[in-house]
Each structure stands twice: as structure tokens, then as C-alpha cells.
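**Q** The structure is given below, and queries will be raised subsequently.
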Amino acid sequence: MEKLKQIYEGKAKKLYETKDADQLIQEFKDDATAFDATKRGTILNKGVINNKLSEKIFTMLEKEGVPTHFVKRMNDRDMLVKKVRIIPVEVTIRNIVAGGMAKLLGLEEGIILKEPVLEYHYKEDKLHDPLINDYHIKALDIATDKELEAIKKYSFKINDLLRKFFDSKGLMLVDFKLEFGRHKGKVILADEISPDTCRLWDKKTKEKLDKDRFRRDLGNVEEAYQEVLRRVME
Ligand code: TMP
Ligand code: ASP
């Protein structure tokens with residue numbers, strides 16, 4: 001399958017049409033942004049690493065009954081995916097307080113939550129991806145009741161599966177972000193799952209092995225991504 005016209009360029013990925021109207025090529029870039037793209041940089045080989053990690057995780061999720069847009073990994077940076085219409089909601093699940101939740105509620109990072117917290121953020125950088133709830137989503141027709149039920153059910157199931165998966169690799173899944181799309185009348189998981197979209201801490205040392213190293217200028221950014229890939233591929 002070849003890349004035809006580029007139809008989208010986001011902060012971390014590009015999308016191309018293919019000769020199959022139902023399939024796109026998702027290309028993973030090394031570009032990294034934070035704080036609504038006010039901070040910009042590159043993380044060497046991030047695209048290659050995130051492509052491989054996403055392949056591994058989407059494959060595991062599909063096996064466990066979660067529908068995803070993943071078709072196959074084509075090469076280092078390209079992944080063949082089903083064409084979806086993205087629902088403009090970022091779904092965040094949190095197991096441990098960090099980042100946005102610590103800031104919002106004045107909490108310390110590292111508090112283990114009694115149960116997972118699900119948040120919706122409206123996907124609009126200009127508005128800084130504002131926190132919204134089920135009522136906003138339904139009242140503004142962002143998604144239907146039925147779609148939202150599916151999104152919630154899959155998100156918690158993905159949390160259970162990912163926690164187990166990363167735990168077996170010596171990593172704590174602090175929180176992560178998902179995006180869903182519409183495909184042939186169904187809601188399926190889209191986008192990517194990688195250290196760009198998950199907070200992952202080493203189980204023993206609590207060392208951060210994710211994009212927070214870039215966001216917070218902690219150094220050893222590439223090394224952290226490489227380390228996650230190494231553990232996941234073991
Ligand atoms: P937050 O604590 O900044 O809200 O982030 C929660 C999780 O979502 C974290 O694992 C990083 C991920 N995330 C994204 O994937 N994209 C984003 O634009 C932001 C802000 C967070
Ligand atoms: N990717 C997001 C941005 O640039 C933020 C983040 O991941 O922290 O704005």
C-alpha cells in the first residue's frame with residue numbers, strides 16, 4: 001500500500017490516503033510538543049518507537065476484544081489504519097494523581113486513587129482542551145448516548161488490560177489518553193498508545209519513563225522511550 005495524498009498533519013503524526021478508501025497510512029514523526037504546542041522539540045526516533053509500541057499494544061487490545069483502527073505496521077514510521085471520523089474528545093483515565101489532576105485539585109503527584117478516574121477533554125488546542133462531562137458531550141451532540149457508553153466501557157477495559165500489561169514489564173500506568181473514532185457505525189479506538197500518551201513510572205524507582213521528561217526538561221528523553229520499547233518487546 002502506498003501513500004497518496006496527505007490529508008492531515010498533527011503535532012506528532014501525518015495521515016495519508018491510500019488506494020483503499022477505507023484505509024489510511026498514519027506516519028509517526030519525531031516532533032514533540034507540550035502545553036498546546038507552545039513548547040516544541042524533537043525526540044530522536046520517537047516516531048519509530050511509538051509506531052512499534054502502538055502496534056504491540058493495539059494487537060494485544062484487539063486480541064482481548066477491544067476494536068481498534070490498527071491494520072498493520074508497514075515499516076519504521078508507517079502504520080496502516082482504518083479510516084475513522086475522530087470524535088473530538090480526549091478520554092483520560094487516571095490511576096495515580098499526576099499532571100493535570102494534581103494541578104486542578106491542588107494534589108501531590110503520586111497519590112494512588114481509590115478507583116480509576118475518567119475525564120473527558122474537548123479536543124481544541126485553542127481552548128486548551130477544556131475539561132467537559134457527559135452532559136456537555138450529549139447536549140452539544142459531540143457523541144450520542146450509545147457512543148458514550150461504548151467509549152466508557154472500552155476505556156475502563158483498556159485501563160485494566162494496560163495496567164496488567166505494563167505491570168508485567170515493571171512499569172506503573174499512572175494515566176493515559178485515548179481517542180476514539182466512528183467506523184462503519186461503530187466506535188473504535190484510534191490514534192496511538194505510547195509514552196506520548198501514557199504516564200509510565202518504573203515500578204521500583206518511580207522514575208518517569210514518558211513524555212514528562214520532555215515536558216519538564218528532565219533529560220534522557222530518548223533513553224526513556226528506548227527503555228519502554230526494550231521492556232515491552234522483551
Ligand atoms: P494531563 O495530566 O496533562 O491531563 O495528561 C493526562 C494524560 O494524557 C497523560 O498520560 C498525558 C496524556 N496527554 C496526551 O496524550 N495529550 C495531551 O495533549 C495531554 C495534555 C495529555
Ligand atoms: N501534545 C500536547 C500539546 O502539544 C500536550 C502534551 O502532550 O502535553 O500540546
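Just so we're on the same page: first chain in the C-alpha cells is A, next is B, and so on; residues restart at 1 for each chain, and ligands are numbered from 1 in the order they show up.
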Based on DSSP run over this structure's backbone, return all residues of chain A in strand (DSSP E or B), as a ChimeraX atom specification.
**A** /A:6-9,13-17,23-28,31-34,39-42,68,70-73,78-82,85-86,89-96,112-122,131-132,171-178,180-183,186-189,198-202,208
**Q** List all protein, DNA and RNA residues that have at least one atom no more than 7 Å from any atom of ligand 2, counting only C-alpha atoms and all ligand atoms, and write them as a short mmCIF file (atom, residue, chain, number, x, y, z; two decimals) with N, CA and C atoms, in the first residue's frame.
**A**
data_model
loop_
_atom_site.label_atom_id
_atom_site.label_comp_id
_atom_site.auth_asym_id
_atom_site.auth_seq_id
_atom_site.Cartn_x
_atom_site.Cartn_y
_atom_site.Cartn_z
N LYS A 11 0.37 17.20 15.48
CA LYS A 11 1.61 17.54 16.17
C LYS A 11 2.61 16.40 16.13
N THR A 33 5.57 18.12 21.15
CA THR A 33 5.07 19.43 21.63
C THR A 33 4.49 19.22 23.02
N ALA A 34 4.38 20.31 23.73
CA ALA A 34 3.70 20.27 25.03
C ALA A 34 3.04 21.62 25.26
N PHE A 35 2.11 21.61 26.22
CA PHE A 35 1.41 22.84 26.60
C PHE A 35 0.79 23.50 25.37
N ASP A 36 -0.04 22.73 24.67
CA ASP A 36 -0.72 23.21 23.46
C ASP A 36 0.26 23.75 22.44
N ALA A 37 1.31 23.02 22.27
CA ALA A 37 2.32 23.30 21.24
C ALA A 37 3.07 24.62 21.46
N THR A 38 3.03 25.16 22.67
CA THR A 38 3.86 26.34 22.95
C THR A 38 5.30 25.92 23.20
N ASP A 125 -7.10 22.73 20.88
CA ASP A 125 -5.91 23.38 21.45
C ASP A 125 -6.14 24.85 21.80
N ASP A 196 4.05 9.07 24.66
CA ASP A 196 3.49 10.41 24.45
C ASP A 196 2.12 10.52 25.13
N THR A 197 1.41 9.43 25.18
CA THR A 197 0.00 9.47 25.62
C THR A 197 -0.24 8.76 26.95
N ARG A 215 8.38 17.34 28.68
CA ARG A 215 7.59 18.48 29.17
C ARG A 215 8.33 19.24 30.26
#
**Q** Could the residues that lie within 7 Å of ligand 1, counting only C-alpha atoms and all ligand atoms, be listed as a ChimeraX atom specification?
**A** /A:35-36,92,98-101,175-177,196-199
**Q** List every residue of region 35-184 of chain A that DSSP, applied to the backbone, labels as helix (DSSP H, G or I), and write the result as a PyMOL selection string.
**A** chain A and resi 46-63+99-105+125-127+134-139+145-167
**Q** Residues at most 6 Å from region 105-114 of chain A, counting only C-alpha atoms, excluding those fewer than 2 positions away in the same chain, as a PyMOL selection string?
**A** chain A and resi 95-98+102-103
**Q** Taking only C-alpha atoms into account, produce a table as CSV in which each residue of region 117-231 of chain A with an atom at most 6 Å from an atom of region 55-71 of chain A appears once, together with its shortest atom pair and the distance in Å to one decimal, ordered by chain and rising number.
**A**
residue,atom,partner,partner_atom,distance
A:Ile188,CA,A:Thr68,CA,5.0
A:Leu189,CA,A:Thr68,CA,4.3
A:Ala190,CA,A:His69,CA,5.2
**Q** Can you pull out the residues contacting Arg163 (chain A)? Cut-off 8 Å, using only C-alpha atoms, and skip same-chain residues under 3 positions away; I want them as a ChimeraX atom specification.
**A** /A:159-160,166-167,172-173
**Q** Let me see the file: selected residues, N, CA, C and O atoms, as a PDB file, in the first residue's frame.
**A**
ATOM      1  N   ASN A 159      -7.978   0.239  30.403  1.00  0.00           N
ATOM      2  CA  ASN A 159      -7.193   0.512  31.613  1.00  0.00           C
ATOM      3  C   ASN A 159      -6.802  -0.791  32.310  1.00  0.00           C
ATOM      4  O   ASN A 159      -5.637  -0.985  32.673  1.00  0.00           O
ATOM      5  N   ASP A 160      -7.765  -1.685  32.476  1.00  0.00           N
ATOM      6  CA  ASP A 160      -7.459  -2.970  33.131  1.00  0.00           C
ATOM      7  C   ASP A 160      -6.378  -3.724  32.359  1.00  0.00           C
ATOM      8  O   ASP A 160      -5.426  -4.252  32.949  1.00  0.00           O
ATOM      9  N   PHE A 166       1.548  -3.385  31.423  1.00  0.00           N
ATOM     10  CA  PHE A 166       2.725  -2.611  31.824  1.00  0.00           C
ATOM     11  C   PHE A 166       3.300  -3.128  33.148  1.00  0.00           C
ATOM     12  O   PHE A 166       4.515  -3.116  33.342  1.00  0.00           O
ATOM     13  N   ASP A 167       2.434  -3.585  34.034  1.00  0.00           N
ATOM     14  CA  ASP A 167       2.915  -4.136  35.301  1.00  0.00           C
ATOM     15  C   ASP A 167       3.879  -5.304  35.042  1.00  0.00           C
ATOM     16  O   ASP A 167       4.920  -5.417  35.704  1.00  0.00           O
ATOM     17  N   MET A 172       4.512   1.202  36.055  1.00  0.00           N
ATOM     18  CA  MET A 172       3.213   1.606  36.611  1.00  0.00           C
ATOM     19  C   MET A 172       2.518   2.511  35.607  1.00  0.00           C
ATOM     20  O   MET A 172       3.111   3.479  35.127  1.00  0.00           O
ATOM     21  N   LEU A 173       1.255   2.195  35.310  1.00  0.00           N
ATOM     22  CA  LEU A 173       0.467   3.042  34.407  1.00  0.00           C
ATOM     23  C   LEU A 173      -0.231   4.099  35.260  1.00  0.00           C
ATOM     24  O   LEU A 173      -1.248   3.833  35.904  1.00  0.00           O
TER      25      LEU A 173
END
**Q** Name the residues in contact with Met74 (chain A) at a cut-off of 10 Å, using only C-alpha atoms, excluding same-chain residues fewer than 4 positions from it; report them as a list in words.
**A**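 Here the answer would be Met1, Glu2, Ile25, Gln26, Glu27, Asn51, Asp78, Met79 and Leu80 of chain A.
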**Q** Keeping only all heavy atoms, write those residues as a PDB file, in the first residue's frame.
**A**
ATOM      1  N   MET A   1       0.851  -1.203   0.000  1.00  0.00           N
ATOM      2  CA  MET A   1       0.000   0.000   0.000  1.00  0.00           C
ATOM      3  C   MET A   1       0.886   1.252   0.000  1.00  0.00           C
ATOM      4  O   MET A   1       1.824   1.342   0.785  1.00  0.00           O
ATOM      5  CB  MET A   1      -0.879  -0.023   1.258  1.00  0.00           C
ATOM      6  CG  MET A   1      -2.090   0.857   1.200  1.00  0.00           C
ATOM      7  SD  MET A   1      -3.398   0.280   0.131  1.00  0.00           S
ATOM      8  CE  MET A   1      -4.298  -0.797   1.249  1.00  0.00           C
ATOM      9  N   GLU A   2       0.581   2.181  -0.889  1.00  0.00           N
ATOM     10  CA  GLU A   2       1.403   3.403  -0.996  1.00  0.00           C
ATOM     11  C   GLU A   2       0.698   4.605  -0.422  1.00  0.00           C
ATOM     12  O   GLU A   2      -0.530   4.666  -0.413  1.00  0.00           O
ATOM     13  CB  GLU A   2       1.653   3.700  -2.474  1.00  0.00           C
ATOM     14  CG  GLU A   2       2.863   3.038  -3.057  1.00  0.00           C
ATOM     15  CD  GLU A   2       2.910   3.286  -4.548  1.00  0.00           C
ATOM     16  OE1 GLU A   2       2.894   4.461  -4.947  1.00  0.00           O
ATOM     17  OE2 GLU A   2       2.926   2.282  -5.283  1.00  0.00           O
ATOM     18  N   ILE A  25      -2.738   5.714   5.868  1.00  0.00           N
ATOM     19  CA  ILE A  25      -1.420   5.461   6.459  1.00  0.00           C
ATOM     20  C   ILE A  25      -1.155   6.550   7.489  1.00  0.00           C
ATOM     21  O   ILE A  25      -1.288   7.738   7.202  1.00  0.00           O
ATOM     22  CB  ILE A  25      -0.315   5.415   5.388  1.00  0.00           C
ATOM     23  CG1 ILE A  25      -0.536   4.176   4.499  1.00  0.00           C
ATOM     24  CG2 ILE A  25       1.075   5.372   6.046  1.00  0.00           C
ATOM     25  CD1 ILE A  25       0.373   4.108   3.290  1.00  0.00           C
ATOM     26  N   GLN A  26      -0.847   6.106   8.701  1.00  0.00           N
ATOM     27  CA  GLN A  26      -0.540   7.020   9.799  1.00  0.00           C
ATOM     28  C   GLN A  26       0.983   7.013   9.962  1.00  0.00           C
ATOM     29  O   GLN A  26       1.565   5.973  10.265  1.00  0.00           O
ATOM     30  CB  GLN A  26      -1.274   6.495  11.051  1.00  0.00           C
ATOM     31  CG  GLN A  26      -0.889   7.103  12.366  1.00  0.00           C
ATOM     32  CD  GLN A  26      -1.897   6.791  13.485  1.00  0.00           C
ATOM     33  OE1 GLN A  26      -2.925   7.425  13.593  1.00  0.00           O
ATOM     34  NE2 GLN A  26      -1.602   5.812  14.324  1.00  0.00           N
ATOM     35  N   GLU A  27       1.597   8.179   9.753  1.00  0.00           N
ATOM     36  CA  GLU A  27       3.067   8.287   9.853  1.00  0.00           C
ATOM     37  C   GLU A  27       3.439   8.962  11.170  1.00  0.00           C
ATOM     38  O   GLU A  27       2.960  10.048  11.478  1.00  0.00           O
ATOM     39  CB  GLU A  27       3.598   9.106   8.662  1.00  0.00           C
ATOM     40  CG  GLU A  27       5.105   9.286   8.692  1.00  0.00           C
ATOM     41  CD  GLU A  27       5.601  10.301   7.652  1.00  0.00           C
ATOM     42  OE1 GLU A  27       5.118  10.304   6.511  1.00  0.00           O
ATOM     43  OE2 GLU A  27       6.468  11.113   8.040  1.00  0.00           O
ATOM     44  N   ASN A  51       5.522   3.962  16.939  1.00  0.00           N
ATOM     45  CA  ASN A  51       4.874   3.102  15.950  1.00  0.00           C
ATOM     46  C   ASN A  51       4.929   1.643  16.416  1.00  0.00           C
ATOM     47  O   ASN A  51       3.923   0.926  16.426  1.00  0.00           O
ATOM     48  CB  ASN A  51       5.605   3.290  14.601  1.00  0.00           C
ATOM     49  CG  ASN A  51       4.906   2.613  13.431  1.00  0.00           C
ATOM     50  OD1 ASN A  51       3.725   2.283  13.490  1.00  0.00           O
ATOM     51  ND2 ASN A  51       5.648   2.408  12.353  1.00  0.00           N
ATOM     52  N   ASP A  78       5.495   4.006   9.519  1.00  0.00           N
ATOM     53  CA  ASP A  78       4.151   3.998   8.933  1.00  0.00           C
ATOM     54  C   ASP A  78       3.306   2.846   9.450  1.00  0.00           C
ATOM     55  O   ASP A  78       3.769   1.709   9.514  1.00  0.00           O
ATOM     56  CB  ASP A  78       4.242   3.883   7.404  1.00  0.00           C
ATOM     57  CG  ASP A  78       4.951   5.059   6.778  1.00  0.00           C
ATOM     58  OD1 ASP A  78       4.860   6.169   7.338  1.00  0.00           O
ATOM     59  OD2 ASP A  78       5.602   4.856   5.733  1.00  0.00           O
ATOM     60  N   MET A  79       2.069   3.176   9.750  1.00  0.00           N
ATOM     61  CA  MET A  79       1.108   2.177  10.208  1.00  0.00           C
ATOM     62  C   MET A  79      -0.140   2.296   9.337  1.00  0.00           C
ATOM     63  O   MET A  79      -0.623   3.405   9.098  1.00  0.00           O
ATOM     64  CB  MET A  79       0.761   2.468  11.681  1.00  0.00           C
ATOM     65  CG  MET A  79      -0.328   1.611  12.268  1.00  0.00           C
ATOM     66  SD  MET A  79      -0.683   2.091  13.991  1.00  0.00           S
ATOM     67  CE  MET A  79       0.664   1.306  14.844  1.00  0.00           C
ATOM     68  N   LEU A  80      -0.637   1.165   8.866  1.00  0.00           N
ATOM     69  CA  LEU A  80      -1.886   1.151   8.095  1.00  0.00           C
ATOM     70  C   LEU A  80      -3.051   1.093   9.090  1.00  0.00           C
ATOM     71  O   LEU A  80      -3.055   0.236   9.976  1.00  0.00           O
ATOM     72  CB  LEU A  80      -1.886  -0.066   7.166  1.00  0.00           C
ATOM     73  CG  LEU A  80      -2.981  -0.117   6.101  1.00  0.00           C
ATOM     74  CD1 LEU A  80      -2.829   1.033   5.093  1.00  0.00           C
ATOM     75  CD2 LEU A  80      -2.930  -1.451   5.353  1.00  0.00           C
TER      76      LEU A  80
END
**Q** Find the spatial neighbours of region 142-148 of chain A, counting only C-alpha atoms, within a cut-off of 12 Å - ignore same-chain residues fewer than 2 positions away - and output them as a ChimeraX atom specification.
**A** /A:85-91,120-123,132-140,150-155,180-183,185-189
**Q** Which polymer residues have any atom within 6 Å of an atom of Ile43 (chain A), counting only C-alpha atoms, with same-chain residues fewer than 3 positions away left out, as a list in words?
**A**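 With the cut-off at 6 Å, the set is Asp30, Lys46 and Glu222 of chain A.
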**Q** Tell me, in Å to one decimal, how far CA of Gly41 (chain A) is from CA of His128 (chain A).
**A** 19.2 Å
**Q** How many Å lie between CA of Arg73 (chain A) and CA of Lys169 (chain A), rounded to one decimal?
**A**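 Between CA of Arg73 (chain A) and CA of Lys169 (chain A) the gap is 22.1 Å.
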**Q** To one decimal place, how far is CA of Ala12 (chain A) from CA of Phe28 (chain A) in Å?
**A** 6.2 Å
